[in-house]
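Each remark here refers to the structure printed beneath this line.
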Amino acid sequence: MTRLVAVPNVSEGRDEGVLDAIGAAFATHADVLHRTADPDHHRAVFFLSGVPGELHLALAAGAREAAARIDLRRHAGVHPRVGALDVAPVVFLEAAGRGAAIAEALLTADAIGREGIPVYLYGELAGGRTRAALRRPGGLDGVAPDYGPSEPHPTAGATLVAARPLLVAFNLVLAPPATLEAARAIAAELRAELPGVRALGLRLERQQLVQVSTNLEDHRAVACADVLAAVQRRHAVRAGELVAPAPAAALAGWPAGVPLAAPPTIEALLGRYR
């Protein structure tokens, strides 16, 4: 049977009990294959696999549980966010799965909206509107939700939903001494130099680290090793980190001398269904 992937991000990275409960909600209608959390980002990323017609039920259940357990009024983390279940993208790994992902994403948006949480579409489903545009301060002002109530949930905010191809979330820790200003300057240069790379410079206070946080929109055009090389031309790098499972091709050419924290590849995780 055809399977789809979803990579929901929730605005909680410190309370394992809350994350366990949200994970259990996702697991009612999907397989939870991986989870990672960061206390400074105050964010967790889940990697789900499910079948068309059911995956949206998992995402709606997770949205309901996140809304019950996360209060954005008391949330503080370095990662931008608009909601307790902040983003809920349905991902197609091959072009042939695009139609199924679009259908499931629209079902997801409707189902989360029915939970009383406003939903904003982004990417292809919204004419190319970006997550970054919606997340920037005031980004939702004057923008009507695509699904759900017209006003943000008082404690859970809103959720952003898309159907999109695979995106690789990848962070690099700069070797000390490093400043937030340096990381931000490097991130700006990466955005200008590398096609399809989104980047932010962040300081992780709890871990006393400075990080360049990136999203690779096309790992075939720009792999993790390419980003590493671009950063190393500007500053020494202590380690790399994959936030969620990625295809093996995204890791091609990674040098043995730089530690990389990485979950199993997508091929390894999804091989169980073949």
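Just remember, in the structure tokens the first chain shown is A, the second B, etc., residues are 1-based per chain, and ligands are 1-based in the order shown.
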
### Near-region 122-129 of chain A list (12 Å; only C-alpha atoms; drop same-chain fewer than 4 positions) as an MDAnalysis selection string
chainID A and resid 87:91 98:99 101:106 109 133:135 139:140 143 145:146 159:165 217

Residues from the last selection, N, CA and C atoms, saved as a CSV table (one decimal), in the first residue's frame:
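Output file selection.csv follows:
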```csv
chain,number,residue,atom,x,y,z
A,87,VAL,N,4.0,23.6,12.4
A,87,VAL,CA,3.9,23.2,11.0
A,87,VAL,C,3.5,21.7,10.8
A,88,ALA,N,2.8,21.4,9.8
A,88,ALA,CA,2.4,20.0,9.6
A,88,ALA,C,2.4,19.7,8.1
A,89,PRO,N,3.6,19.6,7.5
A,89,PRO,CA,3.8,19.4,6.1
A,89,PRO,C,3.6,17.9,5.8
A,90,VAL,N,2.9,17.6,4.7
A,90,VAL,CA,2.8,16.3,4.1
A,90,VAL,C,3.8,16.2,3.0
A,91,VAL,N,4.7,15.3,3.0
A,91,VAL,CA,5.9,15.2,2.2
A,91,VAL,C,5.7,14.1,1.1
A,98,ARG,N,3.0,13.3,-5.5
A,98,ARG,CA,2.6,14.7,-5.3
A,98,ARG,C,1.1,14.8,-5.1
A,99,GLY,N,0.3,14.2,-6.0
A,99,GLY,CA,-1.1,14.3,-5.9
A,99,GLY,C,-1.7,13.8,-4.6
A,101,ALA,N,-0.1,13.6,-1.8
A,101,ALA,CA,0.3,14.5,-0.7
A,101,ALA,C,-0.6,15.7,-0.7
A,102,ILE,N,-0.9,16.3,-1.8
A,102,ILE,CA,-1.8,17.5,-1.9
A,102,ILE,C,-3.1,17.1,-1.3
A,103,ALA,N,-3.7,16.0,-1.7
A,103,ALA,CA,-5.0,15.6,-1.1
A,103,ALA,C,-4.9,15.5,0.4
A,104,GLU,N,-3.9,14.8,0.9
A,104,GLU,CA,-3.8,14.6,2.3
A,104,GLU,C,-3.5,15.8,3.1
A,105,ALA,N,-2.8,16.8,2.5
A,105,ALA,CA,-2.5,18.1,3.2
A,105,ALA,C,-3.8,18.9,3.3
A,106,LEU,N,-4.7,18.8,2.3
A,106,LEU,CA,-5.9,19.6,2.4
A,106,LEU,C,-6.9,18.9,3.4
A,109,ALA,N,-5.5,20.1,6.7
A,109,ALA,CA,-5.9,21.5,7.1
A,109,ALA,C,-7.3,21.5,7.6
A,133,ALA,N,7.4,34.0,5.7
A,133,ALA,CA,6.6,35.2,5.7
A,133,ALA,C,5.5,35.2,6.7
A,134,LEU,N,4.9,34.0,6.9
A,134,LEU,CA,3.8,33.8,7.9
A,134,LEU,C,4.4,33.9,9.3
A,135,ARG,N,5.6,33.5,9.6
A,135,ARG,CA,6.1,33.5,10.9
A,135,ARG,C,6.8,34.8,11.4
A,139,GLY,N,3.2,38.6,10.7
A,139,GLY,CA,3.0,38.0,9.4
A,139,GLY,C,1.6,37.4,9.2
A,140,LEU,N,0.9,37.2,10.3
A,140,LEU,CA,-0.5,36.7,10.2
A,140,LEU,C,-1.5,37.9,10.2
A,143,VAL,N,-4.3,38.5,7.5
A,143,VAL,CA,-4.3,37.4,6.6
A,143,VAL,C,-5.4,36.4,7.1
A,145,PRO,N,-7.2,33.0,7.7
A,145,PRO,CA,-6.9,31.6,7.7
A,145,PRO,C,-7.6,30.9,6.5
A,146,ASP,N,-7.0,29.8,6.0
A,146,ASP,CA,-7.6,29.0,5.0
A,146,ASP,C,-8.6,28.0,5.5
A,159,THR,N,-1.7,26.8,12.9
A,159,THR,CA,-0.8,25.8,12.3
A,159,THR,C,-0.6,26.0,10.8
A,160,LEU,N,0.6,25.8,10.3
A,160,LEU,CA,0.9,26.0,8.9
A,160,LEU,C,0.9,24.6,8.3
A,161,VAL,N,0.3,24.5,7.1
A,161,VAL,CA,0.2,23.2,6.5
A,161,VAL,C,0.6,23.3,5.0
A,162,ALA,N,1.3,22.3,4.5
A,162,ALA,CA,1.7,22.3,3.1
A,162,ALA,C,1.8,20.9,2.6
A,163,ALA,N,1.8,20.7,1.3
A,163,ALA,CA,2.3,19.5,0.6
A,163,ALA,C,3.5,19.9,-0.1
A,164,ARG,N,4.6,19.2,0.2
A,164,ARG,CA,5.9,19.7,-0.4
A,164,ARG,C,6.8,18.5,-0.6
A,165,PRO,N,7.8,18.7,-1.4
A,165,PRO,CA,8.9,17.7,-1.6
A,165,PRO,C,9.8,17.7,-0.3
A,217,GLU,N,16.4,22.9,0.5
A,217,GLU,CA,15.1,22.6,-0.2
A,217,GLU,C,15.4,21.6,-1.4
```

Residues of region 47-254 of chain A classed as strand (DSSP E) by DSSP on the backbone are to be reported as a PDB file with N, CA and C atoms, in the first residue's frame.
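Result file is states.pdb:
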```pdb
ATOM      1  N   PHE A  47       8.766  12.455  12.763  1.00  0.00           N
ATOM      2  CA  PHE A  47       8.783  11.904  11.407  1.00  0.00           C
ATOM      3  C   PHE A  47       7.775  10.761  11.383  1.00  0.00           C
ATOM      4  N   LEU A  48       6.686  10.954  10.641  1.00  0.00           N
ATOM      5  CA  LEU A  48       5.577   9.998  10.611  1.00  0.00           C
ATOM      6  C   LEU A  48       5.459   9.345   9.240  1.00  0.00           C
ATOM      7  N   SER A  49       4.987   8.121   9.234  1.00  0.00           N
ATOM      8  CA  SER A  49       4.610   7.445   7.999  1.00  0.00           C
ATOM      9  C   SER A  49       3.192   6.924   8.159  1.00  0.00           C
ATOM     10  N   GLY A  50       2.366   7.158   7.137  1.00  0.00           N
ATOM     11  CA  GLY A  50       0.988   6.707   7.201  1.00  0.00           C
ATOM     12  C   GLY A  50       0.415   6.508   5.817  1.00  0.00           C
ATOM     13  N   LEU A  85       1.203  23.131  17.524  1.00  0.00           N
ATOM     14  CA  LEU A  85       1.607  22.345  16.356  1.00  0.00           C
ATOM     15  C   LEU A  85       1.919  23.383  15.297  1.00  0.00           C
ATOM     16  N   ASP A  86       3.191  23.686  15.127  1.00  0.00           N
ATOM     17  CA  ASP A  86       3.577  24.864  14.360  1.00  0.00           C
ATOM     18  C   ASP A  86       3.449  24.635  12.859  1.00  0.00           C
ATOM     19  N   VAL A  87       4.030  23.560  12.364  1.00  0.00           N
ATOM     20  CA  VAL A  87       3.894  23.201  10.953  1.00  0.00           C
ATOM     21  C   VAL A  87       3.550  21.724  10.846  1.00  0.00           C
ATOM     22  N   ALA A  88       2.767  21.389   9.828  1.00  0.00           N
ATOM     23  CA  ALA A  88       2.359  20.001   9.594  1.00  0.00           C
ATOM     24  C   ALA A  88       2.426  19.715   8.099  1.00  0.00           C
ATOM     25  N   PRO A  89       3.638  19.628   7.541  1.00  0.00           N
ATOM     26  CA  PRO A  89       3.751  19.354   6.105  1.00  0.00           C
ATOM     27  C   PRO A  89       3.567  17.873   5.790  1.00  0.00           C
ATOM     28  N   VAL A  90       2.853  17.612   4.718  1.00  0.00           N
ATOM     29  CA  VAL A  90       2.789  16.265   4.141  1.00  0.00           C
ATOM     30  C   VAL A  90       3.802  16.232   3.002  1.00  0.00           C
ATOM     31  N   VAL A  91       4.691  15.251   3.041  1.00  0.00           N
ATOM     32  CA  VAL A  91       5.860  15.239   2.172  1.00  0.00           C
ATOM     33  C   VAL A  91       5.747  14.137   1.134  1.00  0.00           C
ATOM     34  N   PHE A  92       6.014  14.486  -0.130  1.00  0.00           N
ATOM     35  CA  PHE A  92       6.121  13.444  -1.155  1.00  0.00           C
ATOM     36  C   PHE A  92       7.597  13.253  -1.482  1.00  0.00           C
ATOM     37  N   VAL A 119      -5.781  27.420  10.379  1.00  0.00           N
ATOM     38  CA  VAL A 119      -4.756  26.815   9.537  1.00  0.00           C
ATOM     39  C   VAL A 119      -4.456  27.730   8.362  1.00  0.00           C
ATOM     40  N   TYR A 120      -3.177  27.952   8.136  1.00  0.00           N
ATOM     41  CA  TYR A 120      -2.702  28.722   6.991  1.00  0.00           C
ATOM     42  C   TYR A 120      -1.913  27.782   6.079  1.00  0.00           C
ATOM     43  N   LEU A 121      -2.276  27.752   4.825  1.00  0.00           N
ATOM     44  CA  LEU A 121      -1.526  26.979   3.851  1.00  0.00           C
ATOM     45  C   LEU A 121      -0.288  27.756   3.423  1.00  0.00           C
ATOM     46  N   THR A 159      -1.652  26.811  12.909  1.00  0.00           N
ATOM     47  CA  THR A 159      -0.819  25.757  12.311  1.00  0.00           C
ATOM     48  C   THR A 159      -0.642  26.048  10.827  1.00  0.00           C
ATOM     49  N   LEU A 160       0.573  25.818  10.342  1.00  0.00           N
ATOM     50  CA  LEU A 160       0.894  25.990   8.922  1.00  0.00           C
ATOM     51  C   LEU A 160       0.950  24.613   8.267  1.00  0.00           C
ATOM     52  N   VAL A 161       0.277  24.464   7.133  1.00  0.00           N
ATOM     53  CA  VAL A 161       0.152  23.174   6.462  1.00  0.00           C
ATOM     54  C   VAL A 161       0.574  23.305   5.007  1.00  0.00           C
ATOM     55  N   ALA A 162       1.277  22.296   4.509  1.00  0.00           N
ATOM     56  CA  ALA A 162       1.712  22.288   3.110  1.00  0.00           C
ATOM     57  C   ALA A 162       1.795  20.866   2.607  1.00  0.00           C
ATOM     58  N   ALA A 163       1.817  20.737   1.297  1.00  0.00           N
ATOM     59  CA  ALA A 163       2.261  19.513   0.623  1.00  0.00           C
ATOM     60  C   ALA A 163       3.536  19.903  -0.101  1.00  0.00           C
ATOM     61  N   ARG A 164       4.627  19.235   0.199  1.00  0.00           N
ATOM     62  CA  ARG A 164       5.906  19.682  -0.355  1.00  0.00           C
ATOM     63  C   ARG A 164       6.838  18.501  -0.593  1.00  0.00           C
ATOM     64  N   PRO A 165       7.850  18.722  -1.437  1.00  0.00           N
ATOM     65  CA  PRO A 165       8.895  17.708  -1.562  1.00  0.00           C
ATOM     66  C   PRO A 165       9.752  17.682  -0.306  1.00  0.00           C
ATOM     67  N   VAL A 168      15.575  19.024   3.831  1.00  0.00           N
ATOM     68  CA  VAL A 168      16.558  18.528   4.789  1.00  0.00           C
ATOM     69  C   VAL A 168      16.850  19.629   5.795  1.00  0.00           C
ATOM     70  N   ALA A 169      16.533  19.383   7.071  1.00  0.00           N
ATOM     71  CA  ALA A 169      16.807  20.327   8.157  1.00  0.00           C
ATOM     72  C   ALA A 169      18.145  19.943   8.790  1.00  0.00           C
ATOM     73  N   PHE A 170      19.061  20.901   8.785  1.00  0.00           N
ATOM     74  CA  PHE A 170      20.457  20.587   9.044  1.00  0.00           C
ATOM     75  C   PHE A 170      21.107  21.756   9.770  1.00  0.00           C
ATOM     76  N   ASN A 171      21.786  21.470  10.898  1.00  0.00           N
ATOM     77  CA  ASN A 171      22.410  22.516  11.697  1.00  0.00           C
ATOM     78  C   ASN A 171      23.916  22.292  11.789  1.00  0.00           C
ATOM     79  N   LEU A 172      24.653  23.387  11.891  1.00  0.00           N
ATOM     80  CA  LEU A 172      26.098  23.333  12.108  1.00  0.00           C
ATOM     81  C   LEU A 172      26.441  24.148  13.349  1.00  0.00           C
ATOM     82  N   VAL A 173      27.215  23.532  14.251  1.00  0.00           N
ATOM     83  CA  VAL A 173      27.687  24.213  15.453  1.00  0.00           C
ATOM     84  C   VAL A 173      29.051  24.813  15.150  1.00  0.00           C
ATOM     85  N   LEU A 174      29.171  26.108  15.349  1.00  0.00           N
ATOM     86  CA  LEU A 174      30.440  26.781  15.106  1.00  0.00           C
ATOM     87  C   LEU A 174      31.406  26.522  16.258  1.00  0.00           C
ATOM     88  N   VAL A 197      18.778  27.252  -0.167  1.00  0.00           N
ATOM     89  CA  VAL A 197      19.202  27.083   1.222  1.00  0.00           C
ATOM     90  C   VAL A 197      18.659  28.233   2.052  1.00  0.00           C
ATOM     91  N   ARG A 198      17.892  27.895   3.082  1.00  0.00           N
ATOM     92  CA  ARG A 198      17.427  28.865   4.069  1.00  0.00           C
ATOM     93  C   ARG A 198      18.341  28.746   5.277  1.00  0.00           C
ATOM     94  N   ALA A 199      18.710  29.848   5.891  1.00  0.00           N
ATOM     95  CA  ALA A 199      19.653  29.780   6.998  1.00  0.00           C
ATOM     96  C   ALA A 199      19.378  30.872   8.018  1.00  0.00           C
ATOM     97  N   LEU A 200      19.622  30.517   9.294  1.00  0.00           N
ATOM     98  CA  LEU A 200      19.523  31.450  10.406  1.00  0.00           C
ATOM     99  C   LEU A 200      20.756  31.283  11.284  1.00  0.00           C
ATOM    100  N   GLY A 201      21.208  32.355  11.884  1.00  0.00           N
ATOM    101  CA  GLY A 201      22.241  32.282  12.909  1.00  0.00           C
ATOM    102  C   GLY A 201      21.587  32.365  14.271  1.00  0.00           C
ATOM    103  N   LEU A 202      21.905  31.415  15.166  1.00  0.00           N
ATOM    104  CA  LEU A 202      21.240  31.322  16.460  1.00  0.00           C
ATOM    105  C   LEU A 202      22.264  31.105  17.572  1.00  0.00           C
ATOM    106  N   ARG A 203      21.955  31.609  18.748  1.00  0.00           N
ATOM    107  CA  ARG A 203      22.731  31.293  19.937  1.00  0.00           C
ATOM    108  C   ARG A 203      21.886  30.408  20.833  1.00  0.00           C
ATOM    109  N   LEU A 204      22.425  29.249  21.226  1.00  0.00           N
ATOM    110  CA  LEU A 204      21.725  28.297  22.089  1.00  0.00           C
ATOM    111  C   LEU A 204      22.236  28.494  23.508  1.00  0.00           C
ATOM    112  N   LEU A 209      26.149  27.318  22.871  1.00  0.00           N
ATOM    113  CA  LEU A 209      26.625  27.065  21.519  1.00  0.00           C
ATOM    114  C   LEU A 209      26.121  28.150  20.582  1.00  0.00           C
ATOM    115  N   VAL A 210      26.858  28.362  19.509  1.00  0.00           N
ATOM    116  CA  VAL A 210      26.409  29.224  18.416  1.00  0.00           C
ATOM    117  C   VAL A 210      26.221  28.340  17.189  1.00  0.00           C
ATOM    118  N   GLN A 211      25.106  28.493  16.529  1.00  0.00           N
ATOM    119  CA  GLN A 211      24.685  27.547  15.500  1.00  0.00           C
ATOM    120  C   GLN A 211      24.246  28.274  14.242  1.00  0.00           C
ATOM    121  N   VAL A 212      24.554  27.679  13.102  1.00  0.00           N
ATOM    122  CA  VAL A 212      23.946  28.069  11.838  1.00  0.00           C
ATOM    123  C   VAL A 212      22.916  26.997  11.502  1.00  0.00           C
ATOM    124  N   SER A 213      21.646  27.377  11.512  1.00  0.00           N
ATOM    125  CA  SER A 213      20.537  26.444  11.292  1.00  0.00           C
ATOM    126  C   SER A 213      20.041  26.604   9.857  1.00  0.00           C
ATOM    127  N   THR A 214      19.975  25.500   9.114  1.00  0.00           N
ATOM    128  CA  THR A 214      19.624  25.595   7.698  1.00  0.00           C
ATOM    129  C   THR A 214      18.522  24.617   7.315  1.00  0.00           C
ATOM    130  N   ASN A 215      17.830  24.959   6.246  1.00  0.00           N
ATOM    131  CA  ASN A 215      16.941  24.048   5.537  1.00  0.00           C
ATOM    132  C   ASN A 215      17.424  23.953   4.096  1.00  0.00           C
ATOM    133  N   LEU A 216      17.594  22.743   3.605  1.00  0.00           N
ATOM    134  CA  LEU A 216      18.015  22.501   2.223  1.00  0.00           C
ATOM    135  C   LEU A 216      16.794  22.074   1.433  1.00  0.00           C
ATOM    136  N   VAL A 237      34.061  24.680  12.100  1.00  0.00           N
ATOM    137  CA  VAL A 237      32.826  24.002  12.495  1.00  0.00           C
ATOM    138  C   VAL A 237      33.157  22.864  13.462  1.00  0.00           C
ATOM    139  N   ARG A 238      32.426  22.823  14.563  1.00  0.00           N
ATOM    140  CA  ARG A 238      32.659  21.775  15.566  1.00  0.00           C
ATOM    141  C   ARG A 238      31.920  20.491  15.240  1.00  0.00           C
ATOM    142  N   ALA A 239      30.669  20.606  14.760  1.00  0.00           N
ATOM    143  CA  ALA A 239      29.859  19.411  14.510  1.00  0.00           C
ATOM    144  C   ALA A 239      28.653  19.783  13.665  1.00  0.00           C
ATOM    145  N   GLY A 240      28.048  18.752  13.057  1.00  0.00           N
ATOM    146  CA  GLY A 240      26.811  18.910  12.317  1.00  0.00           C
ATOM    147  C   GLY A 240      25.706  18.088  12.945  1.00  0.00           C
ATOM    148  N   GLU A 241      24.473  18.422  12.590  1.00  0.00           N
ATOM    149  CA  GLU A 241      23.309  17.727  13.147  1.00  0.00           C
ATOM    150  C   GLU A 241      22.178  17.726  12.137  1.00  0.00           C
ATOM    151  N   LEU A 242      21.637  16.556  11.862  1.00  0.00           N
ATOM    152  CA  LEU A 242      20.408  16.442  11.088  1.00  0.00           C
ATOM    153  C   LEU A 242      19.234  16.446  12.053  1.00  0.00           C
TER     154      LEU A 242
END
```

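Taking CA of Ala132 (chain A) and CA of Val5 (chain A) as the two end points, the separation is 22.0 Å.
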
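Among the candidate residues A:Glu151, A:Gly116, A:His235, A:Ala225, the one lying nearest to Gly257 (chain A) is A:Ala225, with distances computed using only C-alpha atoms.
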
#### Entry: Test item: residues at most 12 Å from Leu57 (chain A), only C-alpha atoms, excluding those fewer than 5 positions along its chain, as number ranges by chain
A: 6, 25-30, 48, 50-52, 62-64, 88, 104-112, 114-115

### A:Arg233, A:His34, A:Arg3, A:Arg43 ranked by distance to Gly97 (chain A), top pick (using only C-alpha atoms)
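Among the listed residues, A:Arg3 lies closest to Gly97 (chain A).
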
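Neighbouring residues of His42 (chain A) at 7 Å or closer, counting only C-alpha atoms and skipping chain neighbours under 5 positions away, are Ser11, Glu12, Gly13, Arg14 and Gly77 of chain A.
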
#### Entry: alpha helix (DSSP H) residues, from DSSP on the backbone, in region 92-146 of chain A, as JSON, numbers by chain
{"A": [98, 99, 100, 101, 102, 103, 104, 105, 106, 107, 108, 109, 110, 111, 112, 113, 114, 131, 132, 133, 134, 135]}

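Minimum atom-to-atom distance to Ala230 (chain A), evaluated using only C-alpha atoms, belongs to A:Glu193 out of A:Gln208, A:Ala66, A:Ala252, A:Glu193.
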
### Task
Considering only C-alpha atoms, state which residue in the set A:Ala246, A:Ala58, A:Leu72, A:Ala175 is at the smallest distance from Pro152 (chain A).
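Of all the options, A:Leu72 lies closest to Pro152 (chain A).
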
### Option closest in space to Arg131 (chain A), from A:Ala256, A:Val82, A:Val7, A:Ala68 [counting only C-alpha atoms]
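Ranked by minimum distance to Arg131 (chain A), first place goes to A:Val82.
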
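Between CA of Ala249 (chain A) and CA of Glu189 (chain A) there is a distance of 24.1 Å.
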